[in-house]
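Asker: File name run-v5.csv; file contents CSV, C-alpha atoms; full text below.
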chain,number,residue,atom,x,y,z
A,97,MET,CA,12.1,-5.1,8.6
A,98,VAL,CA,9.5,-2.6,9.9
A,99,ALA,CA,10.9,-2.8,13.4
A,100,LYS,CA,14.5,-2.8,12.1
A,101,ILE,CA,14.1,0.6,10.5
A,102,ARG,CA,12.8,1.8,13.9
A,103,ARG,CA,9.2,2.3,12.8
A,104,TYR,CA,7.9,1.3,16.2
A,105,GLN,CA,10.0,4.0,17.9
A,106,SER,CA,7.8,6.6,16.1
A,107,PRO,CA,5.0,7.8,18.4
A,108,ASP,CA,2.3,7.0,15.8
A,109,GLU,CA,3.3,3.3,15.1
A,110,TYR,CA,2.2,0.5,17.5
A,111,PRO,CA,3.4,-3.1,17.2
A,112,PHE,CA,1.1,-6.1,17.2
A,113,THR,CA,3.8,-8.5,18.5
A,114,SER,CA,6.6,-8.5,21.0
A,115,PRO,CA,9.5,-8.7,21.6
A,116,LEU,CA,10.7,-6.6,18.6
A,117,PRO,CA,14.2,-6.9,17.0
A,118,GLU,CA,16.5,-4.0,17.7
A,119,PRO,CA,16.5,-1.2,15.0
A,120,ILE,CA,19.6,-1.1,12.8
A,121,LEU,CA,19.2,2.8,12.6
A,122,PRO,CA,20.1,5.1,15.5
A,123,PRO,CA,17.1,6.5,17.5
A,124,LEU,CA,15.5,9.8,16.6
A,125,ASP,CA,14.6,12.7,19.0
A,126,TYR,CA,10.8,13.0,18.6
A,127,PRO,CA,9.2,16.0,20.2
A,128,PRO,CA,7.5,14.9,23.5
A,129,LEU,CA,3.9,15.7,22.6
A,130,LEU,CA,2.2,12.9,24.6
A,131,HIS,CA,2.1,12.3,28.3
A,132,PRO,CA,5.2,10.2,29.1
A,133,LYS,CA,3.4,7.8,31.5
A,134,GLN,CA,0.7,6.5,29.1
A,135,ASN,CA,1.3,3.2,27.4
A,136,ILE,CA,-1.9,2.4,25.6
A,137,ASN,CA,-2.0,-0.1,22.9
A,138,VAL,CA,-5.4,-1.5,21.7
A,139,ASN,CA,-3.9,-3.7,18.9
A,140,LYS,CA,-5.1,-6.9,20.6
A,141,GLN,CA,-8.7,-5.6,20.4
A,142,LEU,CA,-8.2,-4.3,16.8
A,143,TYR,CA,-6.8,-7.7,15.8
A,144,ASP,CA,-9.9,-9.5,17.2
A,145,ALA,CA,-12.3,-7.0,15.5
A,146,TYR,CA,-10.4,-7.4,12.2
A,147,LEU,CA,-11.0,-11.2,12.3
A,148,LYS,CA,-14.6,-11.0,13.6
A,149,ILE,CA,-16.0,-7.9,12.0
A,150,VAL,CA,-13.8,-6.6,9.2
A,151,LEU,CA,-12.8,-9.8,7.3
A,152,PRO,CA,-16.4,-11.2,7.1
A,153,LYS,CA,-17.5,-7.9,5.5
A,154,ILE,CA,-14.8,-7.8,2.9
A,155,THR,CA,-14.2,-11.4,2.1
A,156,GLN,CA,-16.1,-14.6,1.0
A,157,SER,CA,-15.8,-17.8,2.9
A,158,LEU,CA,-14.4,-20.3,0.4
A,159,PRO,CA,-13.0,-23.9,0.7
A,160,ASP,CA,-9.3,-24.1,1.6
A,161,LYS,CA,-7.9,-25.7,-1.6
A,162,GLY,CA,-6.3,-25.5,-5.0
A,163,GLU,CA,-5.6,-22.2,-6.7
A,164,LEU,CA,-6.9,-20.1,-3.8
A,165,ARG,CA,-3.8,-21.1,-1.8
A,166,GLU,CA,-1.7,-19.2,-4.3
A,167,ASN,CA,-3.2,-16.0,-2.8
A,168,TYR,CA,-2.5,-16.7,0.9
A,169,GLY,CA,0.9,-14.9,0.7
A,170,SER,CA,-0.4,-11.7,-0.8
A,171,SER,CA,-3.5,-11.8,1.4
A,172,ALA,CA,-1.3,-12.0,4.5
A,173,LEU,CA,0.7,-8.9,3.3
A,174,CYS,CA,-2.5,-7.0,2.7
A,175,ASP,CA,-3.8,-8.0,6.2
A,176,VAL,CA,-0.6,-6.6,7.8
A,177,GLU,CA,-0.9,-3.4,5.8
A,178,CYS,CA,-4.5,-2.9,6.7
A,179,LEU,CA,-4.0,-3.7,10.4
A,180,GLN,CA,-1.0,-1.4,10.7
A,181,SER,CA,-2.9,1.5,8.9
A,182,LEU,CA,-6.0,1.0,11.1
A,183,SER,CA,-3.8,0.9,14.2
A,184,ARG,CA,-2.1,4.1,13.3
A,185,ARG,CA,-5.4,5.8,12.6
A,186,ILE,CA,-6.9,4.6,15.9
A,187,HIS,CA,-3.8,5.5,18.1
A,188,PHE,CA,-3.9,9.0,16.6
A,189,GLY,CA,-6.7,9.3,19.3
A,190,LYS,CA,-3.9,9.9,21.8
A,191,PHE,CA,-2.9,13.1,20.0
A,192,VAL,CA,-6.5,14.2,19.6
A,193,ALA,CA,-7.1,13.6,23.4
A,194,GLU,CA,-4.0,15.5,24.3
A,195,VAL,CA,-5.2,18.5,22.3
A,196,LYS,CA,-8.7,18.3,23.9
A,197,PHE,CA,-7.1,18.1,27.3
A,198,ARG,CA,-5.1,21.2,26.8
A,199,GLN,CA,-8.1,23.1,25.4
A,200,ASP,CA,-10.4,22.2,28.4
A,201,GLN,CA,-8.0,21.2,31.1
A,202,GLU,CA,-10.1,22.1,34.2
A,203,TYR,CA,-13.3,20.3,33.2
A,204,LEU,CA,-11.5,17.2,31.9
A,205,THR,CA,-9.3,17.1,35.1
A,206,ASP,CA,-12.4,16.8,37.2
A,207,LEU,CA,-13.7,13.9,35.1
A,208,ILE,CA,-10.3,12.2,35.2
A,209,ILE,CA,-10.0,12.5,39.0
A,210,SER,CA,-13.5,11.1,39.5
A,211,ARG,CA,-12.7,8.2,37.0
A,212,ASP,CA,-15.8,9.2,35.1
A,213,ARG,CA,-15.4,7.1,31.9
A,214,LYS,CA,-18.9,7.9,30.6
A,215,GLY,CA,-18.5,11.6,31.2
A,216,LEU,CA,-15.1,11.6,29.4
A,217,GLU,CA,-16.6,9.8,26.5
A,218,GLU,CA,-19.3,12.4,26.2
A,219,ALA,CA,-16.8,15.2,26.5
A,220,ILE,CA,-14.7,13.9,23.6
A,221,THR,CA,-17.6,13.0,21.3
A,222,ASP,CA,-18.6,15.4,18.6
A,223,THR,CA,-21.4,13.7,16.5
A,224,GLU,CA,-21.1,16.3,13.8
A,225,VAL,CA,-17.4,15.6,13.3
A,226,GLU,CA,-18.2,11.8,13.3
A,227,ARG,CA,-20.8,12.3,10.6
A,228,ARG,CA,-18.4,14.3,8.5
A,229,VAL,CA,-15.7,11.7,8.9
A,230,LEU,CA,-18.1,9.0,7.6
A,231,GLU,CA,-19.2,11.2,4.7
A,232,ARG,CA,-15.6,11.9,3.7
A,233,LEU,CA,-14.8,8.2,4.0
A,234,ARG,CA,-17.7,7.3,1.8
A,235,ALA,CA,-16.5,9.8,-0.8
A,236,LYS,CA,-13.0,8.3,-0.7
A,237,ALA,CA,-14.1,4.7,-0.9
A,238,GLU,CA,-16.2,5.6,-3.9
A,239,ALA,CA,-13.5,7.5,-5.7
A,240,TYR,CA,-10.6,5.1,-4.9
A,241,GLY,CA,-12.6,1.9,-5.1
A,242,ARG,CA,-13.3,2.0,-8.8
A,243,ASP,CA,-11.4,2.0,-12.1
A,244,PRO,CA,-12.0,5.5,-13.4
A,245,TRP,CA,-11.2,4.3,-16.9
A,246,GLY,CA,-14.0,1.8,-17.0
A,247,GLU,CA,-14.1,-1.9,-17.6
A,248,ASP,CA,-13.9,-2.1,-21.4
A,249,GLY,CA,-10.2,-1.3,-21.5
A,250,VAL,CA,-10.5,1.6,-24.0
A,251,GLY,CA,-11.9,4.2,-21.8
A,252,ASN,CA,-15.6,4.1,-22.7
A,253,GLY,CA,-16.8,1.3,-20.4
A,254,VAL,CA,-19.2,1.5,-17.5
A,255,ILE,CA,-17.3,2.5,-14.3
A,256,LYS,CA,-18.0,-0.3,-11.8
A,257,GLN,CA,-17.6,0.1,-8.1
A,258,LYS,CA,-15.0,-2.6,-7.0
A,259,VAL,CA,-15.0,-1.8,-3.3
A,260,ASP,CA,-18.1,-2.3,-1.1
A,261,VAL,CA,-18.5,1.3,0.1
A,262,ALA,CA,-21.1,0.4,2.8
A,263,ALA,CA,-18.7,-2.2,4.3
A,264,VAL,CA,-15.9,0.4,4.5
A,265,VAL,CA,-18.2,2.9,6.3
A,266,GLU,CA,-19.5,0.2,8.6
A,267,VAL,CA,-15.9,-0.7,9.6
A,268,TYR,CA,-15.4,2.8,10.6
A,269,GLN,CA,-18.7,3.0,12.5
A,270,HIS,CA,-18.3,-0.3,14.3
A,271,VAL,CA,-14.5,-0.6,14.8
A,272,VAL,CA,-12.4,2.5,14.0
A,273,ILE,CA,-14.5,5.2,15.7
A,274,PRO,CA,-15.3,3.2,18.9
A,275,LEU,CA,-11.7,2.1,19.3
A,276,THR,CA,-10.4,5.6,18.7
A,277,LYS,CA,-12.7,6.9,21.4
A,278,GLN,CA,-11.6,4.2,23.7
A,279,VAL,CA,-8.0,5.2,23.1
A,280,GLU,CA,-8.9,8.8,23.8
A,281,VAL,CA,-10.6,8.0,27.1
A,282,ASP,CA,-7.9,5.6,28.2
A,283,TYR,CA,-5.3,8.3,27.4
A,284,LEU,CA,-7.1,10.9,29.4
A,285,LEU,CA,-7.5,8.5,32.4
A,286,ALA,CA,-3.7,8.1,32.3
A,287,ARG,CA,-3.1,11.8,31.6
A,288,LEU,CA,-2.5,12.8,35.3
A,289,ASP,CA,-0.5,9.8,36.4
B,147,MET,CA,9.0,-11.5,6.0
B,148,VAL,CA,8.1,-11.2,2.3
B,149,ALA,CA,10.5,-14.0,1.4
B,150,LYS,CA,9.5,-16.0,4.5
B,151,ILE,CA,5.9,-16.3,3.3
B,152,ARG,CA,7.2,-17.6,-0.1
B,153,ARG,CA,6.3,-14.5,-2.0
B,154,TYR,CA,9.4,-14.9,-4.3
B,155,GLN,CA,8.4,-18.4,-5.2
B,156,SER,CA,5.4,-16.9,-7.0
B,157,PRO,CA,6.1,-16.5,-10.7
B,158,ASP,CA,5.1,-12.8,-10.6
B,159,GLU,CA,7.4,-11.7,-7.8
B,160,TYR,CA,11.0,-10.9,-8.3
B,161,PRO,CA,13.5,-10.2,-5.5
B,162,PHE,CA,15.9,-7.2,-5.5
B,163,THR,CA,18.4,-9.0,-3.1
B,164,SER,CA,19.9,-12.4,-2.6
B,165,PRO,CA,20.4,-14.8,-0.9
B,166,LEU,CA,16.8,-15.0,0.4
B,167,PRO,CA,15.8,-16.6,3.7
B,168,GLU,CA,13.9,-19.9,3.4
B,169,PRO,CA,10.1,-19.7,3.4
B,170,ILE,CA,8.4,-20.9,6.5
B,171,LEU,CA,5.4,-22.1,4.4
B,172,PRO,CA,5.5,-25.2,2.2
B,173,PRO,CA,6.0,-24.6,-1.6
B,174,LEU,CA,2.9,-24.3,-3.9
B,175,ASP,CA,2.4,-26.0,-7.3
B,176,TYR,CA,2.1,-23.1,-9.7
B,177,PRO,CA,0.9,-24.0,-13.2
B,178,PRO,CA,4.0,-24.0,-15.5
B,179,LEU,CA,3.0,-21.1,-17.8
B,180,LEU,CA,6.5,-19.7,-18.6
B,181,HIS,CA,9.4,-21.4,-20.4
B,182,PRO,CA,11.4,-23.2,-17.7
B,183,LYS,CA,14.8,-22.1,-18.9
B,184,GLN,CA,14.3,-18.3,-18.7
B,185,ASN,CA,15.7,-16.5,-15.7
B,186,ILE,CA,15.2,-12.9,-16.5
B,187,ASN,CA,15.3,-10.3,-13.7
B,188,VAL,CA,15.7,-6.6,-14.5
B,189,ASN,CA,15.4,-5.3,-10.9
B,190,LYS,CA,19.0,-4.0,-10.9
B,191,GLN,CA,18.1,-1.7,-13.9
B,192,LEU,CA,14.7,-0.8,-12.3
B,193,TYR,CA,16.5,0.1,-9.1
B,194,ASP,CA,18.9,2.4,-11.0
B,195,ALA,CA,16.1,4.0,-12.9
B,196,TYR,CA,14.1,4.5,-9.7
B,197,LEU,CA,17.0,6.5,-8.2
B,198,LYS,CA,17.9,8.4,-11.3
B,199,ILE,CA,14.6,9.0,-13.0
B,200,VAL,CA,11.6,8.3,-10.7
B,201,LEU,CA,12.7,9.8,-7.4
B,202,PRO,CA,13.8,13.2,-8.9
B,203,LYS,CA,10.4,13.5,-10.5
B,204,ILE,CA,8.4,12.8,-7.3
B,205,THR,CA,10.6,14.3,-4.6
B,206,GLN,CA,12.3,17.5,-3.6
B,207,SER,CA,16.0,17.7,-2.7
B,208,LEU,CA,16.2,18.9,0.9
B,209,PRO,CA,18.9,19.2,3.5
B,210,ASP,CA,19.6,16.0,5.5
B,211,LYS,CA,18.6,17.4,9.0
B,212,GLY,CA,16.1,17.8,11.7
B,213,GLU,CA,12.5,16.7,11.4
B,214,LEU,CA,12.9,15.4,7.9
B,215,ARG,CA,14.8,12.5,9.4
B,216,GLU,CA,11.7,11.4,11.1
B,217,ASN,CA,10.3,10.5,7.7
B,218,TYR,CA,13.2,8.3,6.6
B,219,GLY,CA,11.6,5.1,7.9
B,220,SER,CA,8.2,5.5,6.3
B,221,SER,CA,9.9,6.7,3.1
B,222,ALA,CA,12.0,3.6,2.9
B,223,LEU,CA,8.9,1.4,3.3
B,224,CYS,CA,7.1,3.4,0.5
B,225,ASP,CA,10.2,2.9,-1.7
B,226,VAL,CA,10.1,-0.9,-1.1
B,227,GLU,CA,6.4,-1.0,-2.0
B,228,CYS,CA,6.9,1.1,-5.1
B,229,LEU,CA,9.8,-0.9,-6.3
B,230,GLN,CA,8.1,-4.2,-5.8
B,231,SER,CA,4.9,-3.0,-7.5
B,232,LEU,CA,6.9,-1.7,-10.5
B,233,SER,CA,8.9,-4.9,-10.7
B,234,ARG,CA,5.8,-7.0,-10.7
B,235,ARG,CA,4.2,-4.9,-13.4
B,236,ILE,CA,7.4,-5.0,-15.5
B,237,HIS,CA,8.0,-8.8,-15.2
B,238,PHE,CA,4.4,-9.4,-16.3
B,239,GLY,CA,6.0,-8.8,-19.7
B,240,LYS,CA,7.1,-12.5,-19.5
B,241,PHE,CA,3.5,-13.6,-19.6
B,242,VAL,CA,2.6,-11.2,-22.3
B,243,ALA,CA,5.6,-12.4,-24.4
B,244,GLU,CA,4.6,-16.0,-23.9
B,245,VAL,CA,1.1,-15.3,-25.1
B,246,LYS,CA,2.5,-13.4,-28.2
B,247,PHE,CA,4.8,-16.3,-28.9
B,248,ARG,CA,2.0,-18.8,-28.9
B,249,GLN,CA,-0.1,-16.6,-31.1
B,250,ASP,CA,2.6,-16.0,-33.7
B,251,GLN,CA,5.0,-18.9,-33.2
B,252,GLU,CA,6.4,-19.2,-36.7
B,253,TYR,CA,7.3,-15.6,-37.3
B,254,LEU,CA,8.8,-15.0,-33.8
B,255,THR,CA,10.8,-18.3,-34.0
B,256,ASP,CA,12.5,-16.9,-37.1
B,257,LEU,CA,13.4,-13.7,-35.3
B,258,ILE,CA,14.6,-15.5,-32.2
B,259,ILE,CA,16.8,-17.9,-34.3
B,260,SER,CA,18.4,-14.9,-36.1
B,261,ARG,CA,18.8,-13.1,-32.7
B,262,ASP,CA,17.0,-10.1,-34.3
B,263,ARG,CA,16.4,-8.0,-31.2
B,264,LYS,CA,15.2,-5.0,-33.2
B,265,GLY,CA,12.7,-7.2,-35.2
B,266,LEU,CA,11.4,-8.7,-31.9
B,267,GLU,CA,10.9,-5.3,-30.4
B,268,GLU,CA,8.9,-4.2,-33.4
B,269,ALA,CA,6.9,-7.4,-33.4
B,270,ILE,CA,5.8,-7.0,-29.7
B,271,THR,CA,5.2,-3.2,-29.9
B,272,ASP,CA,1.6,-2.0,-30.3
B,273,THR,CA,1.7,1.8,-30.2
B,274,GLU,CA,-2.1,2.0,-29.9
B,275,VAL,CA,-2.1,-0.3,-26.8
B,276,GLU,CA,0.8,1.8,-25.3
B,277,ARG,CA,-1.2,5.0,-25.9
B,278,ARG,CA,-4.3,3.5,-24.1
B,279,VAL,CA,-2.1,2.3,-21.2
B,280,LEU,CA,-0.9,5.9,-20.7
B,281,GLU,CA,-4.4,7.3,-21.0
B,282,ARG,CA,-5.7,4.9,-18.5
B,283,LEU,CA,-2.8,5.6,-16.2
B,284,ARG,CA,-3.5,9.3,-16.4
B,285,ALA,CA,-7.1,8.7,-15.5
B,286,LYS,CA,-6.1,6.6,-12.5
B,287,ALA,CA,-3.4,9.1,-11.3
B,288,GLU,CA,-6.0,11.9,-11.5
B,289,ALA,CA,-8.8,10.0,-9.7
B,290,TYR,CA,-6.6,8.4,-7.0
B,291,GLY,CA,-4.2,11.3,-6.6
B,292,ARG,CA,-6.7,13.7,-5.0
B,293,ASP,CA,-9.0,13.9,-2.0
B,294,PRO,CA,-12.5,13.7,-3.5
B,295,TRP,CA,-13.9,15.4,-0.4
B,296,GLY,CA,-12.0,18.6,-1.0
B,297,GLU,CA,-9.6,20.5,1.2
B,298,ASP,CA,-11.9,22.4,3.5
B,299,GLY,CA,-12.8,19.3,5.6
B,300,VAL,CA,-16.6,19.7,5.3
B,301,GLY,CA,-17.0,18.5,1.7
B,302,ASN,CA,-17.4,21.8,-0.1
B,303,GLY,CA,-13.8,22.7,-0.7
B,304,VAL,CA,-11.8,22.8,-3.9
B,305,ILE,CA,-10.5,19.4,-4.9
B,306,LYS,CA,-6.8,19.7,-5.3
B,307,GLN,CA,-4.6,17.3,-7.3
B,308,LYS,CA,-2.0,16.0,-4.8
B,309,VAL,CA,-0.1,13.7,-7.1
B,310,ASP,CA,1.8,15.0,-10.2
B,311,VAL,CA,-0.1,13.2,-13.0
B,312,ALA,CA,2.5,14.2,-15.6
B,313,ALA,CA,5.3,12.7,-13.5
B,314,VAL,CA,3.4,9.4,-13.2
B,315,VAL,CA,2.8,9.2,-16.9
B,316,GLU,CA,6.5,10.0,-17.6
B,317,VAL,CA,7.6,7.2,-15.3
B,318,TYR,CA,5.6,4.8,-17.4
B,319,GLN,CA,6.8,6.3,-20.7
B,320,HIS,CA,10.5,6.4,-19.7
B,321,VAL,CA,10.9,3.5,-17.3
B,322,VAL,CA,8.0,1.0,-17.1
B,323,ILE,CA,7.1,0.5,-20.8
B,324,PRO,CA,10.8,0.3,-22.0
B,325,LEU,CA,11.8,-2.1,-19.3
B,326,THR,CA,8.6,-4.2,-19.9
B,327,LYS,CA,9.5,-4.4,-23.6
B,328,GLN,CA,13.1,-5.4,-22.7
B,329,VAL,CA,11.7,-8.2,-20.5
B,330,GLU,CA,9.5,-9.3,-23.4
B,331,VAL,CA,12.4,-9.4,-25.9
B,332,ASP,CA,14.8,-11.1,-23.4
B,333,TYR,CA,12.1,-13.7,-22.6
B,334,LEU,CA,11.6,-14.4,-26.3
B,335,LEU,CA,15.3,-14.7,-26.9
B,336,ALA,CA,15.5,-17.3,-24.2
B,337,ARG,CA,12.2,-19.0,-25.3
B,338,LEU,CA,13.8,-21.7,-27.5
B,339,ASP,CA,16.7,-22.6,-25.1
Reformat the file's structure so that it appears as structure tokens.

Answerer:
Amino acid sequence: MVAKIRRYQSPDEYPFTSPLPEPILPPLDYPPLLHPKQNINVNKQLYDAYLKIVLPKITQSLPDKGELRENYGSSALCDVECLQSLSRRIHFGKFVAEVKFRQDQEYLTDLIISRDRKGLEEAITDTEVERRVLERLRAKAEAYGRDPWGEDGVGNGVIKQKVDVAAVVEVYQHVVIPLTKQVEVDYLLARLD
Amino acid sequence: MVAKIRRYQSPDEYPFTSPLPEPILPPLDYPPLLHPKQNINVNKQLYDAYLKIVLPKITQSLPDKGELRENYGSSALCDVECLQSLSRRIHFGKFVAEVKFRQDQEYLTDLIISRDRKGLEEAITDTEVERRVLERLRAKAEAYGRDPWGEDGVGNGVIKQKVDVAAVVEVYQHVVIPLTKQVEVDYLLARLD
């Protein structure tokens, strides 16, 4: 359904599979913000990282039997939603890189021409911004990952944290931020093609 | 996809459309908690209420043109998610009604036999519980409907409420609670078939 309502024609949505079914809606005219020759999609890497890094942090390993199986369907839907949200967030790196390129075109052009991947990564990295992203994420995981009404059902209970805030922050540190930077560098390397 | 991974075979998921595609996964053995003869589905009414009551509370009426069209795809996905979540919540009424039936079988059986819809509605209504549901909902809409990090991007800004808390509470008052009670009464009326 997601493909059929032309979600993957939007410049901020990237599919994990191909080929896609044809949309049932007519195409839209999106403003051409990105370089037309780039074709970056890191969903394969994101999918691997989701299996190897994200899931072990947020799930328990349990035997494949009985009532647990009743949850496979809803788990699969949650996986799809998570993967698609992470993918969208990570590929926003293209727009960030485009803005950085326009702001500092001369210096970045030199790095691109000399294929200086390390120099490009340094040029796009702002550790203060990364620190703030993680702090903001922590605040959100805390606020959204608990029932503000408390556990006793009448509004006086202890408010328990239901989401592992440290795991969420680590996913950003070890998966989302590195992949976003990779998208930015890949985008810049393709920016003059 | 939702039907294909057998979501609508789960006793807490109700489809809005039919016929459904066959699941690609084998069926599960769910414990038989509900009366086997009941077949209640109020999704048609929920869909009408969503269009007439919910959407006017949470959206603006804007001209159908230009950049707005770029949001139709993601809006449609949000609509589906909202409708399915509300439907699940409302049809939980069947399980609530089953528990109430087992707790007070004699009295409810009399009301069912005499088809006393009003009496059944009174029997299942607990205004104190309803009040607490709305208070808890208000607390959740407040906590989840704002950016806890503030608007200035560095963690010192004013925290603005982004979701209209009163609208969320009204949706529960005028749509979710009445439809849940209707499901409970309809379920009880079918309970002895």

Asker: Using only C-alpha atoms, what does the table of range 123-169 of chain A residues within 10 Å of range 284-288 of chain A look like, with each row giving the shortest atom pair and its distance in Å to one decimal, sorted by chain and ascending number, as CSV?

Answerer:
residue,atom,partner,partner_atom,distance
A:Leu130,CA,A:Arg287,CA,8.8
A:His131,CA,A:Arg287,CA,6.2
A:Pro132,CA,A:Arg287,CA,8.8
A:Lys133,CA,A:Ala286,CA,7.2
A:Gln134,CA,A:Ala286,CA,5.7
A:Asn135,CA,A:Ala286,CA,8.5
A:Ile136,CA,A:Ala286,CA,9.0

Asker: Could you tell me which of A:Ala172, A:Leu158, A:Lys148, A:Phe188 comes closest to Tyr110 in chain A if we count all atoms listed in the file?

Answerer: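 So, comparing all the options, the nearest one is A:Phe188.
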
Asker: Select residues of chain A: the criterion is any atom within 10 Å of an atom of chain B, counting only C-alpha atoms; output as an MDAnalysis selection string.

Answerer: chainID A and resid 97:104 106 121 123:127 162:163 165:170 172:173 225 228:229 231:246 249:251

Asker: Which residues are close to Gln199 in chain A, i.e. within 12 Å by all atoms listed in the file, leaving aside same-chain residues fewer than 6 positions away? Reply as a PDB file with C-alpha atoms, keeping the file's coordinate frame.

Answerer:
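Wrote it out as out20.pdb, contents follow:
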ATOM      1  CA  VAL A 192      -6.500  14.200  19.600  1.00  0.00           C
ATOM      2  CA  ALA A 193      -7.100  13.600  23.400  1.00  0.00           C
ATOM      3  CA  THR A 205      -9.300  17.100  35.100  1.00  0.00           C
ATOM      4  CA  ALA A 219     -16.800  15.200  26.500  1.00  0.00           C
ATOM      5  CA  ILE A 220     -14.700  13.900  23.600  1.00  0.00           C
TER       6      ILE A 220
END

Asker: For CA of Gln278 in chain A and CA of Gln180 in chain A, quote the distance in Å rounded to one decimal.

Answerer: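 Interatomic distance here is 17.7 Å.
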
Asker: Just the number, please: distance in Å from CA of Leu201 in chain B to CA of Glu276 in chain B, one decimal.

Answerer: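 Computing the Euclidean distance for CA of Leu201 in chain B and CA of Glu276 in chain B yields 22.9 Å.
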
Asker: One decimal, Å: what's the distance from CA of Lys203 in chain B over to CA of Lys306 in chain B, could you say?

Answerer: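 A separation of 19.0 Å between them.
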